[in-house]
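Undergrad: Pasting query-v6.csv here (CSV, C-alpha atoms):
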```csv
chain,number,residue,atom,x,y,z
L,1,MET,CA,-36.0,6.8,7.6
L,2,GLU,CA,-33.3,4.2,8.2
L,3,LEU,CA,-31.3,5.4,5.2
L,4,LYS,CA,-31.5,9.0,6.5
L,5,LYS,CA,-30.2,7.9,9.9
L,6,VAL,CA,-27.3,6.0,8.4
L,7,ASN,CA,-26.4,8.8,6.0
L,8,ARG,CA,-26.5,11.4,8.8
L,9,ASN,CA,-24.2,9.3,10.9
L,10,ARG,CA,-21.8,8.7,8.0
L,11,ILE,CA,-21.7,12.4,7.2
L,12,PHE,CA,-20.9,13.3,10.8
L,13,ARG,CA,-18.2,10.7,11.1
L,14,TYR,CA,-16.6,11.9,7.8
L,15,ILE,CA,-16.4,15.5,9.0
L,16,LEU,CA,-15.2,14.4,12.5
L,17,GLU,CA,-12.2,12.6,10.9
L,18,ARG,CA,-11.2,15.8,9.1
L,19,GLU,CA,-10.5,19.3,10.3
L,20,GLU,CA,-12.6,21.0,7.6
L,21,VAL,CA,-14.4,19.8,4.5
L,22,SER,CA,-16.7,21.2,1.8
L,23,MET,CA,-20.2,20.0,1.0
L,24,ALA,CA,-18.8,18.9,-2.4
L,25,ASP,CA,-16.1,16.8,-0.6
L,26,ILE,CA,-18.8,15.0,1.4
L,27,SER,CA,-21.0,14.4,-1.5
L,28,ARG,CA,-18.2,13.1,-3.7
L,29,ASP,CA,-16.5,10.8,-1.2
L,30,LEU,CA,-19.7,9.4,0.4
L,31,ARG,CA,-21.6,9.3,-2.9
L,32,ILE,CA,-24.6,11.1,-1.4
L,33,SER,CA,-26.4,13.8,-3.4
L,34,LEU,CA,-25.5,17.4,-2.7
L,35,PRO,CA,-29.1,18.3,-1.7
L,36,THR,CA,-29.2,15.4,0.8
L,37,VAL,CA,-25.8,16.4,2.2
L,38,THR,CA,-27.0,20.0,2.6
L,39,GLN,CA,-30.1,18.8,4.4
L,40,HIS,CA,-28.2,16.6,6.9
L,41,VAL,CA,-25.5,19.2,7.5
L,42,GLY,CA,-28.2,21.7,8.3
L,43,ARG,CA,-29.8,19.4,10.9
L,44,LEU,CA,-26.4,18.7,12.5
L,45,LYS,CA,-25.7,22.4,12.7
L,46,ASP,CA,-29.1,23.0,14.3
L,47,ALA,CA,-28.1,20.3,16.9
L,48,GLY,CA,-24.9,22.3,17.6
L,49,LEU,CA,-22.6,19.5,16.3
L,50,LEU,CA,-21.3,21.3,13.2
L,51,LEU,CA,-19.8,24.7,12.7
L,52,ASP,CA,-19.0,26.9,9.7
L,53,GLY,CA,-15.3,26.9,9.1
L,54,GLY,CA,-13.2,29.0,6.8
L,55,LEU,CA,-13.0,28.9,3.0
L,56,CYS,CA,-11.7,25.8,1.2
L,57,GLU,CA,-8.8,26.0,-1.3
L,58,SER,CA,-9.9,27.2,-4.7
L,59,THR,CA,-10.3,24.6,-7.4
L,60,GLY,CA,-10.8,27.2,-10.1
L,61,GLY,CA,-14.1,28.8,-9.2
L,62,ARG,CA,-15.4,30.5,-6.2
L,63,ARG,CA,-14.0,29.1,-2.9
L,64,ALA,CA,-16.5,27.0,-1.0
L,65,LYS,CA,-17.3,27.5,2.6
L,66,ALA,CA,-15.9,24.7,4.8
L,67,ILE,CA,-17.7,22.7,7.5
L,68,ALA,CA,-16.1,21.6,10.7
L,69,CYS,CA,-17.2,19.6,13.8
L,70,ASN,CA,-17.9,21.3,17.0
L,71,ILE,CA,-15.6,18.9,18.9
L,72,ARG,CA,-16.5,20.3,22.3
L,73,ALA,CA,-20.3,20.3,21.7
L,74,THR,CA,-20.3,17.4,24.2
L,75,VAL,CA,-17.6,15.7,26.3
L,76,GLY,CA,-16.9,12.5,28.2
L,77,CYS,CA,-15.5,12.3,31.7
L,78,GLY,CA,-13.4,9.5,33.2
L,79,ILE,CA,-12.2,8.8,36.7
L,80,ASN,CA,-9.6,6.1,37.4
L,81,ILE,CA,-9.5,5.0,41.1
L,82,THR,CA,-6.6,3.1,42.5
L,83,HIS,CA,-5.6,2.4,46.1
L,84,ARG,CA,-3.2,5.3,46.2
L,85,ASP,CA,-4.4,8.0,43.7
L,86,VAL,CA,-7.1,9.2,41.4
L,87,ASP,CA,-7.0,10.4,37.8
L,88,PHE,CA,-9.7,12.7,36.4
L,89,VAL,CA,-10.0,13.5,32.6
L,90,LEU,CA,-12.3,15.4,30.3
L,91,VAL,CA,-12.1,14.4,26.6
L,92,ASP,CA,-13.7,15.9,23.5
L,93,LEU,CA,-15.3,14.1,20.5
L,94,VAL,CA,-11.9,13.4,18.8
L,95,GLY,CA,-10.3,12.0,22.0
L,96,THR,CA,-8.2,15.0,22.9
L,97,VAL,CA,-7.8,15.4,26.7
L,98,ILE,CA,-9.2,18.8,27.6
L,99,ASP,CA,-8.2,18.6,31.2
L,100,TYR,CA,-6.4,16.1,33.4
L,101,THR,CA,-6.0,16.1,37.2
L,102,LYS,CA,-4.1,13.6,39.3
L,103,LEU,CA,-4.5,13.5,43.0
L,104,SER,CA,-2.4,11.4,45.4
L,105,VAL,CA,-5.2,10.4,47.8
L,106,PRO,CA,-5.4,7.0,49.5
L,107,CYS,CA,-8.6,5.2,48.6
L,108,GLU,CA,-10.8,5.0,51.7
L,109,LEU,CA,-14.3,5.0,50.0
L,110,ASN,CA,-16.0,6.9,52.7
L,111,GLY,CA,-18.1,10.1,52.7
L,112,ASP,CA,-15.1,12.4,52.6
L,113,TYR,CA,-13.6,10.5,49.7
L,114,LEU,CA,-16.8,10.6,47.7
L,115,GLU,CA,-17.1,14.3,48.3
L,116,MET,CA,-13.5,14.7,47.0
L,117,LEU,CA,-14.5,12.9,43.9
L,118,ARG,CA,-17.6,15.1,43.4
L,119,SER,CA,-15.9,18.4,44.0
L,120,THR,CA,-12.8,17.7,41.9
L,121,LEU,CA,-14.9,16.6,39.0
L,122,LEU,CA,-17.2,19.6,39.1
L,123,GLN,CA,-14.3,22.0,39.4
L,124,MET,CA,-12.7,20.4,36.3
L,125,ILE,CA,-15.9,20.8,34.3
L,126,GLN,CA,-16.2,24.4,35.5
L,127,ARG,CA,-12.6,25.1,34.4
L,128,SER,CA,-13.4,23.9,30.9
L,129,GLY,CA,-16.1,26.5,30.5
L,130,LEU,CA,-18.6,23.9,29.4
L,131,PRO,CA,-22.1,23.5,31.0
L,132,ALA,CA,-22.7,20.4,33.0
L,133,ALA,CA,-25.4,19.5,30.4
L,134,ALA,CA,-22.5,19.0,27.9
L,135,VAL,CA,-21.2,16.0,29.9
L,136,LEU,CA,-22.3,12.7,28.3
L,137,GLY,CA,-21.5,10.7,31.4
L,138,VAL,CA,-18.7,9.7,33.7
L,139,GLY,CA,-16.8,6.4,33.3
L,140,ILE,CA,-15.4,5.0,36.6
L,141,SER,CA,-12.3,2.8,36.0
L,142,LEU,CA,-11.4,0.4,38.9
L,143,PRO,CA,-8.9,-2.4,39.6
L,144,ALA,CA,-11.9,-4.8,39.5
L,145,ILE,CA,-13.6,-7.3,37.4
L,146,ILE,CA,-16.9,-5.8,36.0
L,147,ASP,CA,-19.5,-8.3,34.8
L,148,GLY,CA,-22.0,-8.0,32.0
L,149,GLY,CA,-24.5,-6.2,34.3
L,150,LYS,CA,-21.8,-3.6,35.2
L,151,ARG,CA,-21.5,-4.9,38.7
L,152,ILE,CA,-18.2,-5.3,40.5
L,153,CYS,CA,-17.8,-9.0,40.9
L,154,ASP,CA,-14.2,-9.2,42.0
L,155,THR,CA,-11.5,-6.7,42.9
L,156,ALA,CA,-7.7,-6.6,43.3
L,157,PHE,CA,-6.9,-8.2,46.6
L,158,ASP,CA,-5.5,-5.0,48.0
L,159,PHE,CA,-8.5,-3.0,46.9
L,160,PRO,CA,-11.6,-4.0,49.0
L,161,VAL,CA,-14.8,-2.3,47.9
L,162,PRO,CA,-17.8,-1.7,50.2
L,163,PRO,CA,-21.0,-3.4,49.0
L,164,HIS,CA,-22.8,-0.2,48.3
L,165,PHE,CA,-19.9,1.7,46.7
L,166,GLN,CA,-21.5,1.8,43.2
L,167,GLU,CA,-24.8,3.1,44.5
L,168,ASP,CA,-23.0,5.6,46.7
L,169,LEU,CA,-21.2,6.9,43.7
L,170,ARG,CA,-24.4,7.2,41.6
L,171,THR,CA,-25.9,9.3,44.5
L,172,CYS,CA,-22.8,11.4,44.8
L,173,LEU,CA,-22.1,12.3,41.2
L,174,PRO,CA,-24.9,14.1,39.3
L,175,PHE,CA,-24.2,12.4,35.9
L,176,GLN,CA,-24.8,9.1,34.2
L,177,LEU,CA,-22.2,6.6,35.4
L,178,ASP,CA,-20.8,3.4,34.1
L,179,PHE,CA,-18.1,1.1,35.5
L,180,PHE,CA,-15.1,-0.5,33.8
L,181,ASN,CA,-12.0,-2.6,34.5
L,182,ASP,CA,-8.9,-0.4,34.6
L,183,ALA,CA,-6.9,-2.4,32.1
L,184,SER,CA,-9.8,-2.8,29.7
L,185,SER,CA,-10.5,0.9,29.7
L,186,GLY,CA,-6.8,1.6,29.2
L,187,GLY,CA,-6.8,-0.7,26.3
L,188,TYR,CA,-10.0,1.0,24.9
L,189,ALA,CA,-8.2,4.4,24.9
L,190,GLU,CA,-5.2,3.0,23.0
L,191,PHE,CA,-7.3,0.9,20.5
L,192,TRP,CA,-9.5,4.0,19.8
L,193,HIS,CA,-6.5,5.6,18.0
L,194,CYS,CA,-5.3,2.4,16.2
L,195,LYS,CA,-8.1,2.0,13.7
L,196,ASP,CA,-5.6,0.5,11.2
L,197,ALA,CA,-4.9,-2.6,13.3
L,198,GLU,CA,-7.2,-5.6,13.2
L,199,ASN,CA,-5.7,-7.3,16.3
L,200,LEU,CA,-3.8,-5.7,19.2
L,201,PHE,CA,-2.8,-6.5,22.8
L,202,TYR,CA,-2.5,-3.7,25.4
L,203,LEU,CA,-0.1,-4.4,28.3
L,204,SER,CA,-0.5,-2.0,31.2
L,205,LEU,CA,2.6,-1.8,33.5
L,206,SER,CA,1.6,0.1,36.6
L,207,GLY,CA,1.1,-0.7,40.2
L,208,SER,CA,-0.3,-4.0,39.0
L,209,VAL,CA,0.0,-5.6,35.5
L,210,GLY,CA,-3.1,-6.0,33.4
L,211,GLY,CA,-4.1,-6.2,29.8
L,212,ALA,CA,-6.8,-5.9,27.1
L,213,VAL,CA,-7.1,-7.6,23.8
L,214,ARG,CA,-8.8,-6.7,20.5
L,215,ILE,CA,-9.5,-9.5,18.0
L,216,HIS,CA,-10.9,-8.7,14.6
L,217,ARG,CA,-11.5,-5.1,15.8
L,218,ARG,CA,-13.6,-6.2,18.7
L,219,ALA,CA,-12.7,-6.3,22.4
L,220,TYR,CA,-12.6,-9.8,23.7
L,221,ASP,CA,-13.8,-9.9,27.4
L,222,GLY,CA,-13.8,-13.7,27.9
L,223,ASP,CA,-16.5,-15.9,29.4
L,224,ASP,CA,-16.1,-14.5,32.9
L,225,PHE,CA,-14.9,-11.0,31.9
L,226,ARG,CA,-11.3,-12.0,32.9
L,227,SER,CA,-9.6,-12.1,29.5
L,228,ALA,CA,-6.0,-10.7,29.3
L,229,GLU,CA,-5.4,-10.9,33.1
L,230,ILE,CA,-1.8,-11.3,32.1
L,231,GLY,CA,-0.5,-10.1,35.4
L,232,HIS,CA,-1.5,-13.4,37.0
L,233,THR,CA,0.2,-15.7,34.5
L,234,THR,CA,3.2,-17.5,35.9
L,235,ILE,CA,6.6,-16.6,34.6
L,236,VAL,CA,8.7,-18.0,37.5
L,237,PRO,CA,7.3,-21.2,38.9
L,238,GLY,CA,7.6,-21.1,42.7
L,239,GLY,CA,8.8,-17.5,42.5
L,240,ARG,CA,8.0,-14.3,44.4
L,241,LEU,CA,4.6,-14.1,46.1
L,242,CYS,CA,1.9,-12.1,44.2
L,243,TYR,CA,-0.9,-10.3,46.0
L,244,CYS,CA,-3.3,-12.9,44.7
L,245,GLY,CA,-1.6,-15.5,46.9
L,246,GLN,CA,0.1,-17.4,44.1
L,247,GLN,CA,3.8,-17.5,43.4
L,248,GLY,CA,5.7,-16.4,40.4
L,249,CYS,CA,3.0,-14.2,38.8
L,250,MET,CA,4.0,-11.5,36.3
L,251,ASN,CA,2.7,-9.0,38.7
L,252,ALA,CA,5.5,-9.8,41.2
L,253,TYR,CA,8.2,-9.1,38.5
L,254,CYS,CA,6.9,-6.5,36.1
L,255,SER,CA,4.7,-4.1,38.0
L,256,SER,CA,6.0,-0.6,38.6
L,257,ASN,CA,6.2,-1.5,42.3
L,258,SER,CA,9.3,-3.7,41.7
L,259,LEU,CA,11.1,-0.6,40.3
L,260,SER,CA,9.8,2.2,42.5
L,261,ALA,CA,10.9,0.2,45.6
L,262,GLN,CA,14.4,0.6,44.3
L,263,GLY,CA,13.8,4.3,44.0
L,264,GLY,CA,12.7,4.8,47.6
L,265,GLY,CA,9.0,4.5,46.7
L,266,SER,CA,9.2,6.7,43.6
L,267,LEU,CA,9.2,5.4,40.0
L,268,GLU,CA,10.5,8.8,38.8
L,269,THR,CA,13.4,8.6,41.3
L,270,PHE,CA,14.2,5.1,40.1
L,271,PHE,CA,14.7,6.2,36.5
L,272,GLN,CA,16.6,9.3,37.5
L,273,ARG,CA,19.0,7.1,39.4
L,274,LEU,CA,19.1,4.7,36.4
L,275,GLU,CA,20.0,7.5,34.1
L,276,ALA,CA,22.7,8.7,36.5
L,277,GLY,CA,24.4,5.3,36.4
L,278,ASP,CA,23.3,3.9,39.8
L,279,PRO,CA,24.6,0.3,39.7
L,280,ALA,CA,21.8,-1.1,41.9
L,281,CYS,CA,19.1,0.5,39.7
L,282,ALA,CA,20.9,-0.8,36.6
L,283,ALA,CA,20.9,-4.3,37.9
L,284,LYS,CA,17.2,-4.1,38.8
L,285,TRP,CA,16.4,-2.7,35.4
L,286,ASP,CA,18.3,-5.5,33.6
L,287,GLU,CA,16.4,-8.0,35.6
L,288,TYR,CA,13.1,-6.2,34.9
L,289,LEU,CA,13.7,-6.2,31.1
L,290,GLY,CA,14.5,-9.9,31.2
L,291,TYR,CA,11.2,-10.8,32.8
L,292,LEU,CA,9.3,-8.3,30.7
L,293,ALA,CA,10.7,-9.9,27.5
L,294,ILE,CA,9.6,-13.3,28.7
L,295,ALA,CA,6.0,-12.0,29.3
L,296,ILE,CA,5.8,-10.1,26.0
L,297,ASN,CA,7.1,-13.0,24.0
L,298,ASN,CA,4.4,-15.2,25.6
L,299,ILE,CA,1.8,-12.6,24.6
L,300,ARG,CA,3.1,-12.6,21.0
L,301,LEU,CA,3.0,-16.3,20.8
L,302,MET,CA,-0.6,-16.5,22.1
L,303,TYR,CA,-2.1,-13.7,20.1
L,304,ASP,CA,0.3,-13.1,17.1
L,305,CYS,CA,-0.2,-9.3,17.1
L,306,ASP,CA,1.4,-6.1,18.0
L,307,VAL,CA,1.7,-5.2,21.7
L,308,ILE,CA,1.1,-1.7,23.0
L,309,LEU,CA,3.1,-0.9,26.2
L,310,GLY,CA,1.1,1.3,28.5
L,311,GLY,CA,0.8,2.2,32.2
L,312,SER,CA,3.2,4.3,34.4
L,313,VAL,CA,6.3,2.4,33.3
L,314,ALA,CA,5.6,3.3,29.6
L,315,ARG,CA,6.3,7.0,30.4
L,316,TYR,CA,10.0,6.1,30.9
L,317,ILE,CA,10.6,3.1,28.8
L,318,GLY,CA,11.0,4.8,25.4
L,319,ARG,CA,14.8,5.0,25.2
L,320,TYR,CA,15.1,1.4,26.3
L,321,VAL,CA,12.8,-0.1,23.6
L,322,PRO,CA,15.8,-1.0,21.3
L,323,GLU,CA,17.3,-3.2,24.1
L,324,LEU,CA,13.8,-4.7,24.8
L,325,ASN,CA,13.5,-5.4,21.1
L,326,ARG,CA,16.9,-7.2,21.1
L,327,ARG,CA,15.8,-9.4,23.9
L,328,LEU,CA,12.5,-10.2,22.2
L,329,ALA,CA,14.3,-11.1,19.0
L,330,GLN,CA,16.4,-13.6,20.9
L,331,ARG,CA,13.3,-15.2,22.2
L,332,ASP,CA,11.3,-15.1,18.9
L,333,SER,CA,10.9,-18.8,17.8
L,334,PHE,CA,9.9,-17.9,14.3
L,335,HIS,CA,11.1,-14.6,12.8
L,336,ARG,CA,13.9,-13.5,15.1
L,337,ALA,CA,12.4,-10.0,15.0
L,338,GLY,CA,11.2,-8.2,18.1
L,339,THR,CA,9.8,-5.1,16.4
L,340,TYR,CA,6.2,-5.6,17.2
L,341,ILE,CA,6.0,-3.3,20.2
L,342,ARG,CA,4.0,-0.1,19.9
L,343,ALA,CA,4.3,3.0,22.0
L,344,CYS,CA,1.2,4.1,23.9
L,345,ARG,CA,-0.6,7.4,23.2
L,346,TYR,CA,-1.4,7.8,26.9
L,347,ASP,CA,0.4,6.5,30.0
L,348,SER,CA,-0.9,6.9,33.5
L,349,GLU,CA,-4.2,8.6,32.4
L,350,SER,CA,-5.1,5.9,29.9
L,351,SER,CA,-7.7,4.1,32.0
L,352,ALA,CA,-9.5,7.3,32.8
L,353,VAL,CA,-9.4,8.4,29.1
L,354,GLY,CA,-10.8,5.0,28.0
L,355,ALA,CA,-13.7,5.2,30.5
L,356,ALA,CA,-14.5,8.6,29.1
L,357,LEU,CA,-14.2,7.6,25.4
L,358,ILE,CA,-16.7,4.9,25.8
L,359,PHE,CA,-19.4,7.6,26.4
L,360,VAL,CA,-18.1,9.5,23.4
L,361,ASP,CA,-18.4,6.4,21.2
L,362,ARG,CA,-21.9,5.7,22.4
L,363,PHE,CA,-22.9,9.3,21.5
L,364,ILE,CA,-21.4,9.2,18.0
L,365,ASP,CA,-23.1,5.8,17.4
L,366,GLN,CA,-26.6,7.3,18.1
L,367,ILE,CA,-26.2,10.4,15.9
L,368,GLY,CA,-28.9,10.2,13.3
L,369,ALA,CA,-31.0,7.9,15.4
```
Would you kindly transcribe this structure into structure tokens?
TA:
Amino acid sequence: MELKKVNRNRIFRYILEREEVSMADISRDLRISLPTVTQHVGRLKDAGLLLDGGLCESTGGRRAKAIACNIRATVGCGINITHRDVDFVLVDLVGTVIDYTKLSVPCELNGDYLEMLRSTLLQMIQRSGLPAAAVLGVGISLPAIIDGGKRICDTAFDFPVPPHFQEDLRTCLPFQLDFFNDASSGGYAEFWHCKDAENLFYLSLSGSVGGAVRIHRRAYDGDDFRSAEIGHTTIVPGGRLCYCGQQGCMNAYCSSNSLSAQGGGSLETFFQRLEAGDPACAAKWDEYLGYLAIAINNIRLMYDCDVILGGSVARYIGRYVPELNRRLAQRDSFHRAGTYIRACRYDSESSAVGAALIFVDRFIDQIGA
């Protein structure tokens, strides 16, 4: 029975990683007999997880019928809550975002706010055409430390959470819920698509600076679930005041707030002015890149791995990566090469996507059980 479970899971994962395959492909590549493959594929079809595809390319004989995954057989939902807006996502079994909604709503965590979360989520599911039963669960991403019991044990200092917030959410949302730190779930989304890399660091540059780290293909949370809290590392001793009460934290120099303030409160406006040659924005950006290079170089020296740049700043930083690489190369104590930065797959929605993908992974893991 255990071998059957393992083989069924292997077969599903094999098909999921490809658009369409034949029974012969599965049998050959996984070294499982064709009758066994046929039996497992039949069971997975009965469960609604596989579909008949088209015809495979001819290899000389009659063309075989292809098998494909029903990638929308079941989906994960994610909600990322910050103090000024909310992201909602719906993702399928291959991590594609089916729907994404962003609302600029100040977080008040009262009855009206909870009703807004519920109605927006249900409307998004309804738009997808999927039944509510297809939803695996809803991951809630927060600027908070989540302990091993999935309890909020600490929050960002500008994000107070009422004592019964988690229970209120469970009452309000008619799905299985789980709670995650925003930077950790953002990293999960990016790591999910980087299966080739053994070690990675995810750096989130948004209203606050956070991170997540993967070591030997496993997320490292730390003893107190505070690993990769890079935003509270000191880069300027005695420098600007951080919201945590300390001085000189990376948060005070590399968050998106330090840029959007120069753009009249809008990050998009800042970069529009920067592109137009505004001297004040150019000076601010030069300063920002200098501090960012210091922080990324420190990460590289500590973890010796590629760094994925994510968060709201990542949406705009693409054309400036060569300049950032140049600054990193100047600071590189060993190789004089700053080419270890990776572009993110998601930007502002990454935390919500990661919270949803955790449910997708749990579902895939139990196929065959």
Undergrad: Return the single residue from L:Asp87, L:Glu2, L:Asp168, L:Asp182 that is closest to Glu115 of chain L, with distances computed using all atoms listed in the file.
TA: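 Nearest candidate to Glu115 of chain L out of L:Asp87, L:Glu2, L:Asp168, L:Asp182: L:Asp168.
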Undergrad: Nearest to Ser255 of chain L among L:His232, L:Arg273, L:Arg8, L:Arg118, with distances taken over only C-alpha atoms: which residue is it?
TA: L:His232
Undergrad: Excluding segment 313-321 of chain L and any residue of its chain fewer than 6 positions from it, enumerate the residues within 10 Å of it, using only C-alpha atoms, and give them as a PDB file with C-alpha atoms, in the coordinates of the input.
TA:
```pdb
ATOM      1  CA  LEU L 203      -0.100  -4.400  28.300  1.00  0.00           C
ATOM      2  CA  SER L 204      -0.500  -2.000  31.200  1.00  0.00           C
ATOM      3  CA  LEU L 205       2.600  -1.800  33.500  1.00  0.00           C
ATOM      4  CA  SER L 206       1.600   0.100  36.600  1.00  0.00           C
ATOM      5  CA  GLY L 207       1.100  -0.700  40.200  1.00  0.00           C
ATOM      6  CA  CYS L 254       6.900  -6.500  36.100  1.00  0.00           C
ATOM      7  CA  SER L 255       4.700  -4.100  38.000  1.00  0.00           C
ATOM      8  CA  SER L 256       6.000  -0.600  38.600  1.00  0.00           C
ATOM      9  CA  ASN L 257       6.200  -1.500  42.300  1.00  0.00           C
ATOM     10  CA  LEU L 259      11.100  -0.600  40.300  1.00  0.00           C
ATOM     11  CA  SER L 260       9.800   2.200  42.500  1.00  0.00           C
ATOM     12  CA  LEU L 267       9.200   5.400  40.000  1.00  0.00           C
ATOM     13  CA  GLU L 268      10.500   8.800  38.800  1.00  0.00           C
ATOM     14  CA  PHE L 271      14.700   6.200  36.500  1.00  0.00           C
ATOM     15  CA  GLN L 272      16.600   9.300  37.500  1.00  0.00           C
ATOM     16  CA  LEU L 289      13.700  -6.200  31.100  1.00  0.00           C
ATOM     17  CA  ARG L 327      15.800  -9.400  23.900  1.00  0.00           C
ATOM     18  CA  GLY L 338      11.200  -8.200  18.100  1.00  0.00           C
ATOM     19  CA  THR L 339       9.800  -5.100  16.400  1.00  0.00           C
ATOM     20  CA  ILE L 341       6.000  -3.300  20.200  1.00  0.00           C
ATOM     21  CA  ARG L 342       4.000  -0.100  19.900  1.00  0.00           C
ATOM     22  CA  ALA L 343       4.300   3.000  22.000  1.00  0.00           C
ATOM     23  CA  CYS L 344       1.200   4.100  23.900  1.00  0.00           C
ATOM     24  CA  ARG L 345      -0.600   7.400  23.200  1.00  0.00           C
ATOM     25  CA  TYR L 346      -1.400   7.800  26.900  1.00  0.00           C
ATOM     26  CA  ASP L 347       0.400   6.500  30.000  1.00  0.00           C
ATOM     27  CA  SER L 348      -0.900   6.900  33.500  1.00  0.00           C
TER      28      SER L 348
END
```
Undergrad: Using only C-alpha atoms, which protein or nucleic acid residues come within 9 Å of Tyr303 of chain L? Drop anything in the same chain fewer than 4 positions from it, and give the result as a list of chain:residue names.
TA: L:Asn199, L:Leu200, L:Phe201, L:Val213, L:Ile215, L:Asn298, L:Ile299
Undergrad: For segment 45-54 of chain L, find every residue with an atom within 8 Å (counting all atoms listed in the file), except residues of its own chain fewer than 4 positions away, and show them as a compact mmCIF listing (two decimals) with C-alpha atoms, in the frame of the given file.
TA:
```
# COMPACT_ATOMS: atom_id res chain seq x y z
CA GLU L 20 -12.60 21.00 7.60
CA VAL L 41 -25.50 19.20 7.50
CA LYS L 65 -17.30 27.50 2.60
CA ALA L 66 -15.90 24.70 4.80
CA ILE L 67 -17.70 22.70 7.50
CA ALA L 68 -16.10 21.60 10.70
CA CYS L 69 -17.20 19.60 13.80
CA ASN L 70 -17.90 21.30 17.00
CA ILE L 71 -15.60 18.90 18.90
CA ALA L 73 -20.30 20.30 21.70
```
Undergrad: Residues within 12 Å of (-10.7, -12.6, 31.1), file coordinates, counting all atoms listed in the file: what are they? Give the list as a VMD selection string.
TA: chain L and resid 144 to 147 154 181 183 to 184 210 to 213 219 to 233
Undergrad: Please measure the separation of atom CA of Lys284 of chain L and atom CA of Cys244 of chain L, giving the value in Å to one decimal.
TA: 23.1 Å
Undergrad: Just checking: using all atoms listed in the file, which residue out of L:Phe179, L:Phe363, L:Trp192, L:Tyr243 ends up closest to Asn80 of chain L?
TA: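 Once distances to Asn80 of chain L are computed over all atoms listed in the file, the minimum belongs to L:Phe179.
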Undergrad: Quick one: distance from atom CA of Arg240 of chain L to atom CA of Ser258 of chain L in Å, one decimal?
TA: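 Result for atom CA of Arg240 of chain L versus atom CA of Ser258 of chain L: 11.0 Å, one decimal.
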